[in-house]
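Okay, protein20.cif is below, mmCIF, C-alpha atoms:
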```
data_target
#
loop_
_atom_site.label_atom_id
_atom_site.label_comp_id
_atom_site.auth_asym_id
_atom_site.auth_seq_id
_atom_site.Cartn_x
_atom_site.Cartn_y
_atom_site.Cartn_z
CA MET Q 1010 -3.47 25.99 4.51
CA GLN Q 1011 -4.30 25.10 8.05
CA THR Q 1012 -4.83 21.43 8.74
CA ARG Q 1013 -8.25 22.30 10.17
CA GLU Q 1014 -9.29 23.87 6.85
CA LEU Q 1015 -7.99 20.89 4.94
CA ILE Q 1016 -10.08 18.57 7.09
CA GLU Q 1017 -13.18 20.69 6.39
CA ASP Q 1018 -12.46 20.49 2.65
CA LEU Q 1019 -12.04 16.74 2.84
CA VAL Q 1020 -15.24 16.33 4.86
CA ALA Q 1021 -17.08 18.38 2.24
CA GLY Q 1022 -15.81 15.96 -0.39
CA ALA Q 1023 -16.63 12.86 1.66
CA GLY Q 1024 -19.45 11.77 -0.64
CA ARG Q 1025 -17.33 12.00 -3.77
CA GLN Q 1026 -15.08 9.29 -5.10
CA ASP Q 1027 -12.18 11.25 -6.57
CA GLN Q 1028 -10.28 8.22 -7.73
CA GLY Q 1029 -12.51 7.57 -10.70
CA PHE Q 1030 -13.60 4.06 -11.55
CA VAL Q 1031 -12.03 1.46 -9.27
CA PRO Q 1032 -12.21 -1.91 -11.03
CA PRO Q 1033 -12.81 -4.83 -8.67
CA PHE Q 1034 -10.16 -7.52 -8.80
CA TRP Q 1035 -12.56 -10.22 -9.94
CA ALA Q 1036 -13.34 -8.09 -12.98
CA VAL Q 1037 -9.63 -7.60 -13.65
CA ALA Q 1038 -9.10 -11.36 -13.37
CA CYS Q 1039 -11.88 -12.00 -15.91
CA LEU Q 1040 -10.75 -9.29 -18.31
CA ALA Q 1041 -7.06 -10.25 -18.37
CA PRO Q 1042 -7.46 -13.50 -20.37
CA LEU Q 1043 -9.91 -11.76 -22.72
CA LEU Q 1044 -7.32 -9.09 -23.51
CA ALA Q 1045 -4.65 -11.73 -24.03
CA ALA Q 1046 -6.99 -13.70 -26.32
CA ALA Q 1047 -7.74 -10.56 -28.34
CA VAL Q 1048 -4.05 -10.38 -29.29
CA PHE Q 1049 -3.46 -14.12 -29.51
CA TRP Q 1050 -6.29 -15.25 -31.82
CA PRO Q 1051 -5.79 -12.88 -34.74
CA ALA Q 1052 -1.97 -12.95 -34.52
CA LEU Q 1053 -1.14 -16.59 -33.77
CA GLY Q 1054 -4.01 -18.94 -32.90
CA PRO Q 1055 -3.55 -22.46 -31.55
CA ARG Q 1056 -1.34 -24.90 -33.40
CA PRO Q 1057 -3.10 -27.15 -35.97
CA ASP Q 1058 -2.61 -30.35 -33.95
CA PHE Q 1059 -3.88 -28.78 -30.74
CA ALA Q 1060 -6.31 -31.60 -29.88
CA ALA Q 1061 -3.73 -34.32 -30.47
CA ALA Q 1062 -1.09 -32.39 -28.53
CA LEU Q 1063 -3.38 -32.30 -25.50
CA GLN Q 1064 -2.74 -36.03 -25.18
CA THR Q 1065 0.95 -35.44 -24.46
CA VAL Q 1066 2.22 -34.64 -20.97
CA ARG Q 1067 4.86 -32.17 -22.12
CA PHE Q 1068 2.26 -30.03 -23.86
CA ASP Q 1069 -0.12 -30.05 -20.89
CA LEU Q 1070 2.65 -29.22 -18.43
CA LYS Q 1071 3.17 -25.89 -20.19
CA PHE Q 1072 -0.36 -24.85 -19.24
CA VAL Q 1073 0.10 -26.01 -15.66
CA GLN Q 1074 3.27 -23.95 -15.28
CA ALA Q 1075 1.96 -20.85 -17.03
CA GLY Q 1076 -1.42 -21.07 -15.32
CA LEU Q 1077 0.14 -21.44 -11.87
CA LEU Q 1078 2.36 -18.44 -12.54
CA ALA Q 1079 -0.62 -16.33 -13.64
CA VAL Q 1080 -2.70 -17.28 -10.59
CA THR Q 1081 0.02 -16.96 -7.92
CA ALA Q 1082 1.36 -13.70 -9.35
CA PHE Q 1083 -2.15 -12.25 -9.52
CA ALA Q 1084 -2.88 -13.27 -5.93
CA THR Q 1085 0.35 -11.52 -4.87
CA LEU Q 1086 -0.66 -8.48 -6.88
CA VAL Q 1087 -3.99 -8.26 -5.08
CA ALA Q 1088 -2.21 -8.31 -1.72
CA LEU Q 1089 0.32 -5.67 -2.82
CA ALA Q 1090 -2.44 -3.40 -4.08
CA ARG Q 1091 -3.69 -2.26 -0.67
CA PRO Q 1092 -1.75 -0.89 2.30
CA ALA Q 1093 -0.81 -3.26 5.14
CA GLN Q 1094 -1.99 -6.43 3.43
CA PRO Q 1095 0.32 -9.39 4.09
CA TRP Q 1096 1.81 -10.28 0.70
CA ARG Q 1097 5.03 -12.17 1.43
CA HIS Q 1098 3.47 -15.58 1.91
CA ARG Q 1099 1.59 -15.10 -1.35
CA ALA Q 1100 4.79 -14.09 -3.11
CA LEU Q 1101 6.30 -17.37 -1.93
CA THR Q 1102 3.62 -19.30 -3.83
CA ILE Q 1103 5.14 -17.94 -7.05
CA LEU Q 1104 7.88 -20.50 -6.41
CA LEU Q 1105 5.33 -23.23 -7.08
CA PRO Q 1106 5.29 -22.94 -10.89
CA ALA Q 1107 9.09 -22.61 -10.76
CA LEU Q 1108 9.28 -25.90 -8.82
CA VAL Q 1109 6.97 -27.65 -11.30
CA LEU Q 1110 9.13 -26.39 -14.15
CA ALA Q 1111 12.35 -27.44 -12.41
CA SER Q 1112 11.00 -30.95 -11.81
CA ALA Q 1113 9.90 -31.18 -15.45
CA VAL Q 1114 13.40 -30.14 -16.54
CA LEU Q 1115 14.97 -32.84 -14.34
CA MET Q 1116 12.64 -35.49 -15.80
CA GLU Q 1117 13.42 -34.32 -19.32
CA LEU Q 1118 17.13 -34.51 -18.63
CA ALA Q 1119 16.66 -38.05 -17.36
CA LEU Q 1120 14.50 -39.15 -20.31
CA VAL Q 1121 16.28 -37.48 -23.21
CA PRO Q 1122 19.83 -38.43 -24.25
CA PRO Q 1123 22.38 -35.63 -23.60
CA GLU Q 1124 23.17 -35.11 -27.30
CA LEU Q 1125 19.56 -33.94 -27.83
CA TRP Q 1126 19.49 -31.47 -24.92
CA ALA Q 1127 20.83 -28.51 -26.87
CA THR Q 1128 18.46 -29.05 -29.80
CA ARG Q 1129 15.47 -29.39 -27.53
CA ALA Q 1130 16.39 -26.28 -25.57
CA ALA Q 1131 17.02 -24.19 -28.68
CA GLY Q 1132 13.77 -25.36 -30.30
CA SER Q 1133 12.52 -23.69 -33.44
CA ASN Q 1134 10.28 -20.95 -32.02
CA ALA Q 1135 12.65 -19.06 -29.73
CA LEU Q 1136 12.26 -15.70 -31.46
CA ILE Q 1137 8.50 -16.03 -31.76
CA CYS Q 1138 8.37 -16.91 -28.09
CA LEU Q 1139 10.43 -13.85 -27.17
CA THR Q 1140 8.12 -11.54 -29.11
CA ALA Q 1141 4.75 -13.26 -28.66
CA ILE Q 1142 4.71 -13.44 -24.86
CA PRO Q 1143 5.53 -9.73 -24.37
CA SER Q 1144 3.04 -8.77 -27.11
CA ILE Q 1145 0.19 -10.87 -25.72
CA GLY Q 1146 1.08 -9.78 -22.19
CA ALA Q 1147 1.37 -6.05 -22.91
CA PRO Q 1148 -2.37 -5.22 -22.72
CA VAL Q 1149 -2.66 -7.45 -19.65
CA LEU Q 1150 0.19 -5.57 -17.98
CA ALA Q 1151 -1.50 -2.29 -18.85
CA LEU Q 1152 -4.73 -3.53 -17.29
CA PHE Q 1153 -2.94 -4.65 -14.11
CA LEU Q 1154 -1.11 -1.33 -13.80
CA PHE Q 1155 -4.36 0.57 -14.30
CA ALA Q 1156 -6.04 -1.51 -11.59
CA LEU Q 1157 -3.08 -0.96 -9.25
CA ARG Q 1158 -3.14 2.79 -9.83
CA ARG Q 1159 -6.69 2.91 -8.55
CA GLN Q 1160 -5.62 1.09 -5.39
CA ALA Q 1161 -2.79 2.13 -3.07
CA PRO Q 1162 0.35 0.00 -3.51
CA THR Q 1163 3.03 1.10 -1.05
CA ARG Q 1164 5.74 -0.66 -3.09
CA PRO Q 1165 5.34 0.73 -6.60
CA MET Q 1166 8.32 -0.97 -8.22
CA LEU Q 1167 7.68 -4.39 -6.70
CA SER Q 1168 3.98 -4.17 -7.53
CA GLY Q 1169 4.85 -3.29 -11.12
CA SER Q 1170 7.22 -6.26 -11.38
CA VAL Q 1171 4.60 -8.66 -10.03
CA ALA Q 1172 2.09 -7.18 -12.48
CA GLY Q 1173 4.59 -7.99 -15.25
CA LEU Q 1174 4.95 -11.53 -13.93
CA GLY Q 1175 1.18 -12.03 -13.86
CA ALA Q 1176 0.88 -10.65 -17.39
CA ALA Q 1177 3.65 -13.01 -18.52
CA GLY Q 1178 1.87 -16.00 -16.96
CA THR Q 1179 -1.41 -15.06 -18.63
CA ALA Q 1180 0.30 -14.56 -21.99
CA ALA Q 1181 2.23 -17.83 -21.66
CA VAL Q 1182 -0.99 -19.82 -21.20
CA PHE Q 1183 -2.09 -18.64 -24.65
CA TYR Q 1184 1.27 -18.76 -26.33
CA ALA Q 1185 1.77 -22.35 -25.12
CA ALA Q 1186 -1.24 -23.37 -27.24
CA HIS Q 1187 0.55 -22.07 -30.33
CA CYS Q 1188 4.12 -23.16 -29.72
CA THR Q 1189 5.23 -26.58 -31.00
CA ASP Q 1190 8.28 -26.69 -28.74
CA ASP Q 1191 6.97 -28.65 -25.78
CA SER Q 1192 10.23 -29.71 -24.17
CA PRO Q 1193 10.62 -28.38 -20.59
CA LEU Q 1194 14.16 -27.47 -21.67
CA PHE Q 1195 12.75 -25.00 -24.19
CA VAL Q 1196 10.14 -23.74 -21.72
CA ALA Q 1197 12.72 -23.25 -18.96
CA LEU Q 1198 15.01 -21.27 -21.24
CA TRP Q 1199 12.79 -19.04 -23.38
CA TYR Q 1200 9.60 -18.49 -21.40
CA PRO Q 1201 11.44 -16.92 -18.43
CA LEU Q 1202 13.48 -14.75 -20.79
CA ALA Q 1203 10.31 -13.55 -22.49
CA SER Q 1204 8.67 -13.01 -19.08
CA LEU Q 1205 11.63 -10.97 -17.95
CA ILE Q 1206 10.81 -8.38 -20.59
CA LEU Q 1207 7.35 -7.88 -19.07
CA VAL Q 1208 8.71 -7.91 -15.52
CA ALA Q 1209 11.29 -5.25 -16.38
CA ALA Q 1210 8.67 -3.17 -18.16
CA GLY Q 1211 6.34 -3.53 -15.17
CA ALA Q 1212 9.05 -2.50 -12.72
CA LEU Q 1213 10.07 0.49 -14.82
CA ILE Q 1214 6.58 1.75 -15.52
CA GLY Q 1215 5.33 0.81 -12.05
CA SER Q 1216 8.00 2.83 -10.27
CA ARG Q 1217 6.70 5.87 -12.14
CA VAL Q 1218 2.96 5.52 -12.55
CA LEU Q 1219 2.14 3.71 -9.31
CA ARG Q 1220 3.25 6.54 -7.02
CA TRP Q 1221 0.48 8.34 -5.16
CA MET X 1139 2.00 -3.56 15.44
CA PRO X 1140 0.16 -1.53 18.02
CA PRO X 1141 -1.77 -3.49 20.62
CA ALA X 1142 -5.27 -4.38 19.58
CA SER X 1143 -6.47 -3.37 23.02
CA SER X 1144 -5.93 0.28 22.25
CA SER X 1145 -9.47 1.58 22.40
CA LYS X 1146 -8.54 4.75 20.52
CA LEU X 1147 -7.55 2.71 17.52
CA GLN X 1148 -10.71 0.66 17.64
CA ALA X 1149 -12.69 3.88 17.77
CA LEU X 1150 -11.06 4.75 14.45
CA ASP X 1151 -12.62 1.65 12.90
CA ASP X 1152 -16.08 2.68 14.03
CA LEU X 1153 -15.59 6.27 12.89
CA LEU X 1154 -14.44 5.32 9.40
CA LEU X 1155 -17.22 2.78 9.09
CA ALA X 1156 -19.80 5.43 9.99
CA ALA X 1157 -18.09 7.94 7.70
CA ASN X 1158 -18.26 5.57 4.75
CA ALA X 1159 -21.97 5.20 5.45
CA GLY X 1160 -22.32 8.94 4.91
CA ASP X 1161 -21.87 10.33 8.42
CA GLU X 1162 -20.01 13.61 7.91
CA LYS X 1163 -19.55 14.21 11.63
CA ALA X 1164 -17.91 10.82 12.01
CA TYR X 1165 -15.64 11.55 9.06
CA ARG X 1166 -14.57 14.87 10.56
CA ALA X 1167 -13.86 13.18 13.91
CA PHE X 1168 -11.95 10.45 12.09
CA LEU X 1169 -9.75 12.92 10.21
CA VAL X 1170 -9.09 14.96 13.34
CA GLU X 1171 -8.10 11.83 15.24
CA VAL X 1172 -5.89 10.70 12.35
CA SER X 1173 -4.21 14.10 12.22
CA VAL X 1174 -3.45 13.92 15.95
CA ILE X 1175 -1.95 10.43 15.70
CA VAL X 1176 0.04 11.24 12.59
CA ARG X 1177 1.28 14.53 14.02
CA ARG X 1178 2.66 12.74 17.04
CA PHE X 1179 4.47 10.37 14.77
CA ALA X 1180 5.81 13.15 12.57
CA THR X 1181 6.90 15.36 15.47
CA ARG X 1182 8.76 12.56 17.10
CA ARG X 1183 10.38 10.89 14.13
CA MET X 1184 11.11 13.68 11.74
CA PRO X 1185 14.14 15.76 12.65
CA ARG X 1186 12.65 19.24 12.86
CA GLN X 1187 15.85 21.06 11.97
CA SER X 1188 16.06 19.43 8.52
CA ALA X 1189 15.84 22.13 5.90
CA GLY X 1190 12.54 22.63 4.14
CA PHE X 1191 10.75 20.07 6.21
CA ASP X 1192 7.51 21.03 7.82
CA VAL X 1193 5.74 18.57 10.07
CA GLU X 1194 2.35 20.04 9.25
CA ASP X 1195 2.99 19.59 5.51
CA LEU X 1196 3.55 15.90 6.07
CA VAL X 1197 0.45 15.65 8.26
CA GLN X 1198 -1.61 17.21 5.48
CA GLU X 1199 -0.09 15.00 2.80
CA ILE X 1200 -1.02 11.94 4.85
CA LEU X 1201 -4.55 13.24 5.47
CA LEU X 1202 -5.01 13.83 1.75
CA ALA X 1203 -3.71 10.35 0.93
CA VAL X 1204 -5.98 8.77 3.54
CA HIS X 1205 -8.90 10.66 2.01
CA ASN X 1206 -8.05 9.77 -1.59
CA LYS X 1207 -7.36 6.13 -0.83
CA ARG X 1208 -10.09 5.54 1.73
CA HIS X 1209 -11.78 3.04 -0.60
CA THR X 1210 -8.79 0.70 -0.10
CA TRP X 1211 -9.84 0.17 3.51
CA ARG X 1212 -12.45 -2.54 3.88
CA ALA X 1213 -15.02 -2.74 6.62
CA GLY X 1214 -14.04 -5.36 9.16
CA GLU X 1215 -10.32 -4.74 8.80
CA PRO X 1216 -8.53 -2.77 11.52
CA VAL X 1217 -7.90 0.81 10.41
CA ALA X 1218 -4.64 1.23 12.33
CA PRO X 1219 -2.25 -0.93 10.23
CA TRP X 1220 -3.79 0.48 7.07
CA LEU X 1221 -3.36 4.03 8.31
CA PHE X 1222 0.21 3.41 9.45
CA ALA X 1223 1.17 1.88 6.13
CA ILE X 1224 -0.10 4.99 4.37
CA ALA X 1225 1.64 7.33 6.85
CA ARG X 1226 4.88 5.41 6.49
CA TYR X 1227 4.66 5.51 2.69
CA LYS X 1228 4.02 9.25 2.65
CA ALA X 1229 6.77 9.95 5.19
CA ILE X 1230 9.33 8.07 3.13
CA ASP X 1231 8.01 9.74 -0.01
CA ALA X 1232 8.20 13.22 1.55
CA TYR X 1233 11.80 12.64 2.50
CA ARG X 1234 12.74 11.23 -0.86
CA ARG X 1235 11.30 14.24 -2.61
CA ARG X 1236 13.51 16.41 -0.46
CA GLY X 1237 16.51 14.40 -1.57
CA ARG X 1238 16.91 12.39 1.59
CA ARG X 1239 16.30 8.88 2.60
CA ILE X 1240 14.71 7.84 5.83
CA GLU X 1241 13.97 4.50 7.35
CA VAL X 1242 10.62 4.39 9.04
CA ASP X 1243 9.99 1.34 11.10
CA ILE X 1244 6.37 0.40 11.57
CA ALA X 1245 7.23 -0.02 15.26
CA ASP X 1246 7.59 3.76 15.45
CA PHE X 1247 3.84 4.00 15.29
CA SER X 1248 3.24 1.73 18.21
CA ASP X 1249 5.59 3.87 20.32
CA VAL X 1250 3.48 6.84 19.46
CA ILE X 1251 0.25 5.08 20.27
CA GLU X 1252 1.40 3.47 23.46
CA ASP X 1253 3.15 6.51 24.79
CA PRO X 1254 1.05 9.52 23.87
CA ASP X 1255 2.37 11.61 26.77
CA ALA X 1256 5.91 11.39 25.53
CA VAL X 1257 5.27 13.93 22.79
CA PRO X 1258 3.15 17.02 22.72
CA SER X 1259 -0.19 16.36 21.10
CA ALA X 1260 -2.57 18.79 19.44
CA VAL X 1261 -0.52 21.42 17.67
CA GLY X 1262 2.82 20.08 18.79
CA HIS X 1263 5.39 22.62 19.79
CA ASP X 1264 2.90 25.48 19.60
CA VAL X 1265 1.20 24.07 22.66
CA SER X 1266 4.42 23.65 24.57
CA ARG X 1267 5.35 27.21 23.64
CA ALA X 1268 1.98 28.40 24.92
CA LEU X 1269 2.38 26.38 28.08
CA ASP X 1270 5.83 27.79 28.67
CA SER X 1271 4.27 31.24 28.90
CA LEU X 1272 2.24 30.16 31.90
CA GLY X 1273 3.57 29.72 35.37
CA GLY X 1274 3.19 27.28 38.23
CA ARG X 1275 -0.24 25.89 38.92
CA GLN X 1276 -1.93 27.23 35.79
CA ARG X 1277 0.64 25.55 33.66
CA ALA X 1278 0.33 22.25 35.49
CA VAL X 1279 -3.47 22.36 35.22
CA VAL X 1280 -3.66 23.31 31.53
CA SER X 1281 -1.02 20.75 30.69
CA ALA X 1282 -2.85 17.99 32.58
CA LEU X 1283 -6.26 18.78 31.09
CA SER X 1284 -5.46 19.78 27.51
CA VAL X 1285 -2.31 17.91 26.69
CA GLU X 1286 -2.41 14.81 28.82
CA GLY X 1287 -6.18 14.54 28.59
CA LYS X 1288 -6.69 14.00 32.32
CA SER X 1289 -10.03 14.63 33.94
CA ILE X 1290 -10.64 17.51 36.31
CA GLY X 1291 -11.01 15.05 39.19
CA GLU X 1292 -7.69 13.35 38.44
CA THR X 1293 -5.91 16.65 38.07
CA ALA X 1294 -7.32 17.98 41.33
CA LYS X 1295 -6.14 14.90 43.15
CA LYS X 1296 -2.71 14.93 41.57
CA LEU X 1297 -2.07 18.60 42.29
CA ASP X 1298 -3.81 18.48 45.66
CA MET X 1299 -6.30 21.18 44.71
CA SER X 1300 -10.07 21.38 44.86
CA GLU X 1301 -11.92 20.71 41.60
CA GLY X 1302 -13.20 24.27 41.64
CA ALA X 1303 -9.68 25.61 41.94
CA VAL X 1304 -8.62 23.43 39.01
CA ARG X 1305 -11.44 24.84 36.89
CA VAL X 1306 -10.51 28.40 37.76
CA ALA X 1307 -6.78 27.80 37.08
CA PHE X 1308 -7.66 26.14 33.79
CA HIS X 1309 -9.80 29.00 32.53
CA ARG X 1310 -7.33 31.63 33.71
CA GLY X 1311 -4.54 29.72 32.03
CA LEU X 1312 -6.43 29.50 28.75
CA ALA X 1313 -7.35 33.16 28.94
CA ALA X 1314 -3.70 34.06 29.50
CA ILE X 1315 -2.66 32.00 26.47
CA ALA X 1316 -5.41 33.53 24.34
CA LYS X 1317 -4.30 37.02 25.40
CA LYS X 1318 -0.67 36.34 24.67
CA PHE X 1319 -1.01 34.54 21.33
CA GLY X 1320 -4.23 36.04 20.12
CA ARG X 1321 -7.41 34.12 19.65
CA ASP X 1322 -7.26 31.36 17.10
#
```
Have the structure of the file written as structure tokens, please.
Amino acid sequence: MQTRELIEDLVAGAGRQDQGFVPPFWAVACLAPLLAAAVFWPALGPRPDFAAALQTVRFDLKFVQAGLLAVTAFATLVALARPAQPWRHRALTILLPALVLASAVLMELALVPPELWATRAAGSNALICLTAIPSIGAPVLALFLFALRRQAPTRPMLSGSVAGLGAAGTAAVFYAAHCTDDSPLFVALWYPLASLILVAAGALIGSRVLRW
Amino acid sequence: MPPASSSKLQALDDLLLAANAGDEKAYRAFLVEVSVIVRRFATRRMPRQSAGFDVEDLVQEILLAVHNKRHTWRAGEPVAPWLFAIARYKAIDAYRRRGRRIEVDIADFSDVIEDPDAVPSAVGHDVSRALDSLGGRQRAVVSALSVEGKSIGETAKKLDMSEGAVRVAFHRGLAAIAKKFGRD
């Protein structure tokens, strides 16, 4: 086909939106926690002493870290979704939850005697953590990938990974309400491992489905 | 990044804005302008001798992508970086699909924008082939008016001809090309 003919075809289709429904990012941001909650409530639910636990710093810190990860990863995702948007400085903000976690780990190491470190890190919910975060995050990741597909990410694999990270952050906010292991040592060991599953899935799926 | 002063690129913003408001003429003009810019880029950066690679295929792939993803441009943003990011993505993609890798620096686009005379515009090498069939003055006149986009006044001055003579040489030149290559 001649380029001229193609242009005429495209002009004729100017009024149509061929991409289907393009969800706005604010809607995606609202829907993500709802999807995570839909998996979390029936399957796990918050721990029985939730209200009392809120009084402890270690418990609250989990929400700060997970929440920061969800927000910064999502902001990076939004920048990656459209061509020529600066995203690197937003990606740097993902270091913020990592820094909070690292500081919490240092404090824990200072406060807790060394013979308890291993026990605290191993915790008693490691396996649940490794399965719950990917399970709660899976529908969120699917939502993020769907939203990205309707945009135009020029780095499919990276966008998919960041989608996985955002899904992991969202899932971790909910899972943290269930888990009784509040030590930063546990959080620093198992939460990133569980997140890695979603990041890898996001990268793998993203590099396929986010091409356009 | 291309200089913001480039009025051609700013015109793109206005055209796409009007097109999104339902102006078909503006959309056509936008796509034509995009195809010209992208073709320059493709002609210059893509090695033409590479097997199975057609510049016009890439131009069309980019046009289609620009059309399909036009909702990812937002009014108020400059079109140029958005367009170049799409062109770059499709160029890399086109090469990858043909089993090759290519590095496309975003700076390539600013070369193309800043130096439009360095590469044949319009239909690329077809035009230079057509021009080659002309001789002397006719060739100089057609090249100045159609390819370089000079005005009749400028061309007359440059070639030391009267404006009337430029017009005549231009029309004779075009007629000769039309006769040789067939209309359209």
Mind listing as a VMD selection string which residues of chain Q are within 10 Å of chain X, counting only C-alpha atoms?
chain Q and resid 1010 to 1013 1015 to 1028 1031 1090 to 1094 1159 to 1164 1220 to 1221
Could you write those residues out with C-alpha atoms, as a compact mmCIF listing (two decimals), keeping the file's coordinate frame?
```txt
# COMPACT_ATOMS: atom_id res chain seq x y z
CA MET Q 1010 -3.47 25.99 4.51
CA GLN Q 1011 -4.30 25.10 8.05
CA THR Q 1012 -4.83 21.43 8.74
CA ARG Q 1013 -8.25 22.30 10.17
CA LEU Q 1015 -7.99 20.89 4.94
CA ILE Q 1016 -10.08 18.57 7.09
CA GLU Q 1017 -13.18 20.69 6.39
CA ASP Q 1018 -12.46 20.49 2.65
CA LEU Q 1019 -12.04 16.74 2.84
CA VAL Q 1020 -15.24 16.33 4.86
CA ALA Q 1021 -17.08 18.38 2.24
CA GLY Q 1022 -15.81 15.96 -0.39
CA ALA Q 1023 -16.63 12.86 1.66
CA GLY Q 1024 -19.45 11.77 -0.64
CA ARG Q 1025 -17.33 12.00 -3.77
CA GLN Q 1026 -15.08 9.29 -5.10
CA ASP Q 1027 -12.18 11.25 -6.57
CA GLN Q 1028 -10.28 8.22 -7.73
CA VAL Q 1031 -12.03 1.46 -9.27
CA ALA Q 1090 -2.44 -3.40 -4.08
CA ARG Q 1091 -3.69 -2.26 -0.67
CA PRO Q 1092 -1.75 -0.89 2.30
CA ALA Q 1093 -0.81 -3.26 5.14
CA GLN Q 1094 -1.99 -6.43 3.43
CA ARG Q 1159 -6.69 2.91 -8.55
CA GLN Q 1160 -5.62 1.09 -5.39
CA ALA Q 1161 -2.79 2.13 -3.07
CA PRO Q 1162 0.35 0.00 -3.51
CA THR Q 1163 3.03 1.10 -1.05
CA ARG Q 1164 5.74 -0.66 -3.09
CA ARG Q 1220 3.25 6.54 -7.02
CA TRP Q 1221 0.48 8.34 -5.16
```
Which is closer to Ala1045 in chain Q than all the others in Q:Thr1065, Q:Thr1102, Q:Asn1134, Q:Ser1144, using all atoms listed in the file?
Q:Ser1144
Nearest to Leu1154 in chain Q: which of Q:Ile1214, Q:Leu1205, Q:Leu1077, Q:Ala1062 is it, counting all atoms listed in the file?
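Selected residue with least distance to Leu1154 in chain Q: Q:Ile1214.
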Could you jot down the CA of Ala1149 in chain X to CA of Gly1214 in chain X separation for me, Å, one decimal place?
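According to the coordinates, CA of Ala1149 in chain X and CA of Gly1214 in chain X are separated by 12.7 Å.
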From (-5.1, -16.7, -25.5), in the file's coordinates, out to 10 Å: which residues are reached, counting all atoms listed in the file? Answer as a VMD selection string.
chain Q and resid 1041 to 1050 1053 to 1055 1145 to 1146 1179 to 1187
Between CA of Arg1067 in chain Q and CA of Pro1193 in chain Q, what is the distance, to one decimal in Å?
7.1 Å
Output the residue selection produced by the PyMOL selection byres ((chain X and resi 1278-1287) around 7) on the file above, formatted as a ChimeraX atom specification.
/X:1255,1258-1259,1274-1277,1288-1290,1293,1304,1307-1308,1311
Using all atoms listed in the file, list the residues that have an atom at most 12 Å from (1.1, -12.1, 1.4), coordinates as in the file, as a ChimeraX atom specification.
/Q:1081-1103
Hey, what's within 9 Å of Tyr1200 in chain Q if we count all atoms listed in the file and toss same-chain stuff fewer than 2 positions away? As number ranges by chain, please?
Q: 1135, 1138-1139, 1142, 1177, 1181, 1195-1198, 1202-1205
Any chance you could work out the residue set of the PyMOL selection byres ((chain Q and resi 1192) around 12) here, as a PDB file with C-alpha atoms, in the frame of the given file?
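File written: result06.pdb
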```pdb
ATOM      1  CA  THR Q1065       0.950 -35.440 -24.460  1.00  0.00           C
ATOM      2  CA  VAL Q1066       2.220 -34.640 -20.970  1.00  0.00           C
ATOM      3  CA  ARG Q1067       4.860 -32.170 -22.120  1.00  0.00           C
ATOM      4  CA  PHE Q1068       2.260 -30.030 -23.860  1.00  0.00           C
ATOM      5  CA  ASP Q1069      -0.120 -30.050 -20.890  1.00  0.00           C
ATOM      6  CA  LEU Q1070       2.650 -29.220 -18.430  1.00  0.00           C
ATOM      7  CA  LYS Q1071       3.170 -25.890 -20.190  1.00  0.00           C
ATOM      8  CA  LEU Q1110       9.130 -26.390 -14.150  1.00  0.00           C
ATOM      9  CA  ALA Q1113       9.900 -31.180 -15.450  1.00  0.00           C
ATOM     10  CA  VAL Q1114      13.400 -30.140 -16.540  1.00  0.00           C
ATOM     11  CA  LEU Q1115      14.970 -32.840 -14.340  1.00  0.00           C
ATOM     12  CA  MET Q1116      12.640 -35.490 -15.800  1.00  0.00           C
ATOM     13  CA  GLU Q1117      13.420 -34.320 -19.320  1.00  0.00           C
ATOM     14  CA  LEU Q1118      17.130 -34.510 -18.630  1.00  0.00           C
ATOM     15  CA  LEU Q1120      14.500 -39.150 -20.310  1.00  0.00           C
ATOM     16  CA  VAL Q1121      16.280 -37.480 -23.210  1.00  0.00           C
ATOM     17  CA  LEU Q1125      19.560 -33.940 -27.830  1.00  0.00           C
ATOM     18  CA  TRP Q1126      19.490 -31.470 -24.920  1.00  0.00           C
ATOM     19  CA  ALA Q1127      20.830 -28.510 -26.870  1.00  0.00           C
ATOM     20  CA  THR Q1128      18.460 -29.050 -29.800  1.00  0.00           C
ATOM     21  CA  ARG Q1129      15.470 -29.390 -27.530  1.00  0.00           C
ATOM     22  CA  ALA Q1130      16.390 -26.280 -25.570  1.00  0.00           C
ATOM     23  CA  ALA Q1131      17.020 -24.190 -28.680  1.00  0.00           C
ATOM     24  CA  GLY Q1132      13.770 -25.360 -30.300  1.00  0.00           C
ATOM     25  CA  SER Q1133      12.520 -23.690 -33.440  1.00  0.00           C
ATOM     26  CA  ASN Q1134      10.280 -20.950 -32.020  1.00  0.00           C
ATOM     27  CA  ALA Q1185       1.770 -22.350 -25.120  1.00  0.00           C
ATOM     28  CA  CYS Q1188       4.120 -23.160 -29.720  1.00  0.00           C
ATOM     29  CA  THR Q1189       5.230 -26.580 -31.000  1.00  0.00           C
ATOM     30  CA  ASP Q1190       8.280 -26.690 -28.740  1.00  0.00           C
ATOM     31  CA  ASP Q1191       6.970 -28.650 -25.780  1.00  0.00           C
ATOM     32  CA  PRO Q1193      10.620 -28.380 -20.590  1.00  0.00           C
ATOM     33  CA  LEU Q1194      14.160 -27.470 -21.670  1.00  0.00           C
ATOM     34  CA  PHE Q1195      12.750 -25.000 -24.190  1.00  0.00           C
ATOM     35  CA  VAL Q1196      10.140 -23.740 -21.720  1.00  0.00           C
ATOM     36  CA  ALA Q1197      12.720 -23.250 -18.960  1.00  0.00           C
ATOM     37  CA  LEU Q1198      15.010 -21.270 -21.240  1.00  0.00           C
ATOM     38  CA  TRP Q1199      12.790 -19.040 -23.380  1.00  0.00           C
ATOM     39  CA  TYR Q1200       9.600 -18.490 -21.400  1.00  0.00           C
TER      40      TYR Q1200
END
```
